[in-house]
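Q: Okay, handing you the structure first.
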Amino acid sequence: MEILKKYFPNLSPQQIQQFASLYALYSDWNAKINVISRKDIENLYIHHVLHSLGIAKMISFTSESEIMDVGTGGGFPGIPLAIFFPECKFHLLDRIRKKITVATEIAKTIGLENVSFRHCGVEEEAHKFDFIVSRAVMPLGDLLKIVRKNIKQEQKNAFPNGLICLKGGELQAEIAPVKRRTIIYDLKDYFDEEFFVTKKIVYVQI
Ligand SMILES: C[S@@+](CC[C@H](N)C(=O)[O-])C[C@H]1O[C@@H](n2cnc3c(N)ncnc32)[C@H](O)[C@@H]1O
């Protein structure tokens, strides 16, 4: 938890309590349903929570923005972002029912009221959002083709609506076919921990 306060010193008492609850909740759920690799649960706050919050370092979503997390698994990056941006609405979606069950139960337990959940493939989702976020789901070009239908035309944020993906490693081959305005952010510019040395955020304007 101290690591979150280091990079986000203005968290409210409620946010601190919600973030602090996550370790016990994910540990318990992970013992029943594997949503985070077992050896990684000890790294929950750096590898999962802080990584998800990297998005909050590059963009501050305007209140009432609607954001969909595609392939959220156990709730990343959607749950940390929903805690961080309580004035925004998050829609978390995954095609594996048991993972969505874990994310739903954790959100309910910590009293997150700005999140909805859906068990389905993103191909079936018709609702439109200001932004799509995603981590470790599919190559950028494939995701872009599917979620183009889900981006609103009207702009609410200073940042144009689009897709925001947490990525690692070499990205040039993945980004080359994307014929849209793309910006890459290095997470090592925001966070000092070794884990972030190769981690990036890719923003694609839609
Ligand atoms: C490696 S996991 C990543 C989970 C989470 N985003 C994270 O970073 O911890 C990939 C997830 O994407 C989901 N997924 C893959 N393709 C999908 C699709 N077309 N629609 C919805 N979910 C999908 C899988 O079910 C899986 O839970």
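Chain labels follow the order of the structure tokens: the first chain is A, the next B, and so on; residue numbering restarts at 1 in every chain, and ligands are counted from 1 in their shown order.
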Give me the residues near stretch 62-73 of chain A as an MDAnalysis selection string, where near means some atom within 8 Å (using only C-alpha atoms) and where sequence neighbours in that chain fewer than 5 positions away do not count.
A: chainID A and resid 35 78 85 87:96 99:100 103 122 129:135 137 156:157
Q: So that I can check the secondary structure, give me every residue of stretch 24-94 of chain A assigned strand (DSSP E or B) by backbone DSSP, as a PyMOL selection string.
A: chain A and resi 66-70+89-94
Q: What separation in Å, quoted to one decimal, exists between atom 7 (C, counted along the ligand's line) of ligand 1 and atom CA of A:Arg180?
A: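 We find that atom 7 (C, counted along the ligand's line) of ligand 1 and atom CA of A:Arg180 lie 24.9 Å from each other.
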Q: Go through A:Ile164, A:Val178, A:Ala126, A:Val102 one by one, measure the shortest atom-to-atom distance of each to A:Lys145 using only C-alpha atoms, and give the residue with the smallest value.
A: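 For A:Lys145, the nearest of the given residues is A:Val178.
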Q: A:Ile83: which residues within 9 Å, counting only C-alpha atoms, same-chain residues fewer than 4 positions away excluded, as a PyMOL selection string?
A: chain A and resi 14-15+18-19+78-79+112+114
Q: Go ahead and write the residues just picked, C-alpha atoms, as a short mmCIF file (atom, residue, chain, number, x, y, z; two decimals), in the first residue's frame.
A:
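Ended up saving to again-v6.cif:
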```
data_model
loop_
_atom_site.label_atom_id
_atom_site.label_comp_id
_atom_site.auth_asym_id
_atom_site.auth_seq_id
_atom_site.Cartn_x
_atom_site.Cartn_y
_atom_site.Cartn_z
CA GLN A 14 -12.02 5.76 1.21
CA GLN A 15 -9.70 5.05 -1.70
CA GLN A 18 -10.52 0.19 -0.87
CA PHE A 19 -7.01 -0.34 -2.21
CA GLY A 78 -10.62 -1.77 -14.43
CA ILE A 79 -10.93 -2.16 -10.66
CA LEU A 112 -17.46 0.17 -5.70
CA ASN A 114 -19.30 3.00 -10.48
#
```
Q: As number ranges by chain, please: the residues near A:Leu166 (cut-off 12 Å, only C-alpha atoms, same-chain neighbours under 2 positions excluded).
A: A: 47-48, 50-56, 58, 69-70, 72, 76-78, 132-140, 163-164, 168-169, 171, 184-187, 196, 198-204
Q: Write the residues you've just listed into a file as a short mmCIF file (atom, residue, chain, number, x, y, z; two decimals), in the first residue's frame, and include C-alpha atoms for each of them.
A:
```cif
data_model
loop_
_atom_site.label_atom_id
_atom_site.label_comp_id
_atom_site.auth_asym_id
_atom_site.auth_seq_id
_atom_site.Cartn_x
_atom_site.Cartn_y
_atom_site.Cartn_z
CA HIS A 47 2.46 -5.76 -10.84
CA HIS A 48 -1.29 -5.30 -10.92
CA LEU A 50 0.20 0.25 -9.75
CA HIS A 51 0.55 -1.08 -13.29
CA SER A 52 -3.18 -0.46 -13.85
CA LEU A 53 -2.84 3.03 -12.36
CA GLY A 54 -0.15 3.88 -14.90
CA ILE A 55 -3.14 4.91 -17.02
CA ALA A 56 -4.03 7.52 -14.38
CA MET A 58 -1.08 9.62 -18.56
CA ASP A 69 -12.07 -2.61 -19.76
CA VAL A 70 -11.89 -5.38 -22.37
CA THR A 72 -10.54 -7.57 -17.53
CA PHE A 76 -7.23 -5.26 -14.22
CA PRO A 77 -6.90 -2.47 -15.04
CA GLY A 78 -10.62 -1.77 -14.43
CA ILE A 132 -11.42 1.47 -24.05
CA VAL A 133 -8.68 0.18 -21.74
CA SER A 134 -7.08 -3.24 -21.88
CA ARG A 135 -4.12 -5.26 -20.61
CA ALA A 136 -2.73 -8.53 -21.99
CA VAL A 137 -5.72 -9.47 -24.13
CA MET A 138 -4.86 -9.43 -27.84
CA PRO A 139 -2.62 -7.66 -30.37
CA LEU A 140 -3.41 -3.98 -30.80
CA LEU A 163 -7.96 2.92 -26.99
CA ILE A 164 -5.44 2.72 -24.12
CA GLY A 168 5.38 -4.66 -22.47
CA GLY A 169 8.51 -5.15 -24.52
CA LEU A 171 6.07 -2.75 -29.80
CA ILE A 184 3.59 5.52 -26.58
CA TYR A 185 4.24 6.36 -22.92
CA ASP A 186 7.07 4.72 -20.96
CA LEU A 187 5.93 3.72 -17.49
CA PHE A 196 8.29 -0.85 -15.09
CA THR A 198 9.96 -2.40 -20.11
CA LYS A 199 6.33 -1.44 -19.50
CA LYS A 200 4.51 0.95 -21.79
CA ILE A 201 1.11 2.44 -22.44
CA VAL A 202 -0.09 2.67 -26.02
CA TYR A 203 -2.79 5.23 -26.80
CA VAL A 204 -4.55 5.03 -30.17
#
```
Q: So, with only C-alpha atoms as the atoms that count, which of A:Ile46, A:Ile146, A:Val197, A:Ile151 lies closest to A:Lys167?
A: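 Closest to A:Lys167 of all the choices is A:Val197.
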Q: So which one's closest to A:Lys6, A:Gly141, A:Tyr45, A:Gly111, A:Pro160? Using only C-alpha atoms, please.
A: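 For A:Lys6, the nearest of the given residues is A:Tyr45.
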Q: Find, counting only C-alpha atoms, the residue in A:Thr104, A:Asn161, A:Asn43, A:Ser37 that gets nearest to A:Tyr23.
A: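 Once distances to A:Tyr23 are computed over only C-alpha atoms, the minimum belongs to A:Asn43.
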Q: Let me make sure I understand: among A:Lys179, A:Ile33, A:Lys128, A:Glu194, which one has the smallest atom-to-atom distance to A:Lys152 if we use only C-alpha atoms?
A: A:Lys128
Q: For ligand 1, which residue out of A:Tyr26, A:Arg97, A:Leu81, A:Ala20 is the nearest one, using only C-alpha atoms and all ligand atoms?
A: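 Residue with the minimum atom-to-atom distance to ligand 1: A:Arg97.
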Q: Extract the full set of helix (DSSP H, G or I) residues from stretch 6-202 of chain A according to DSSP on the backbone, and format it as a PyMOL selection string.
A: chain A and resi 6-7+13-32+38-58+78-84+97-109+122-124+140-150+172-175+187-189+194-196
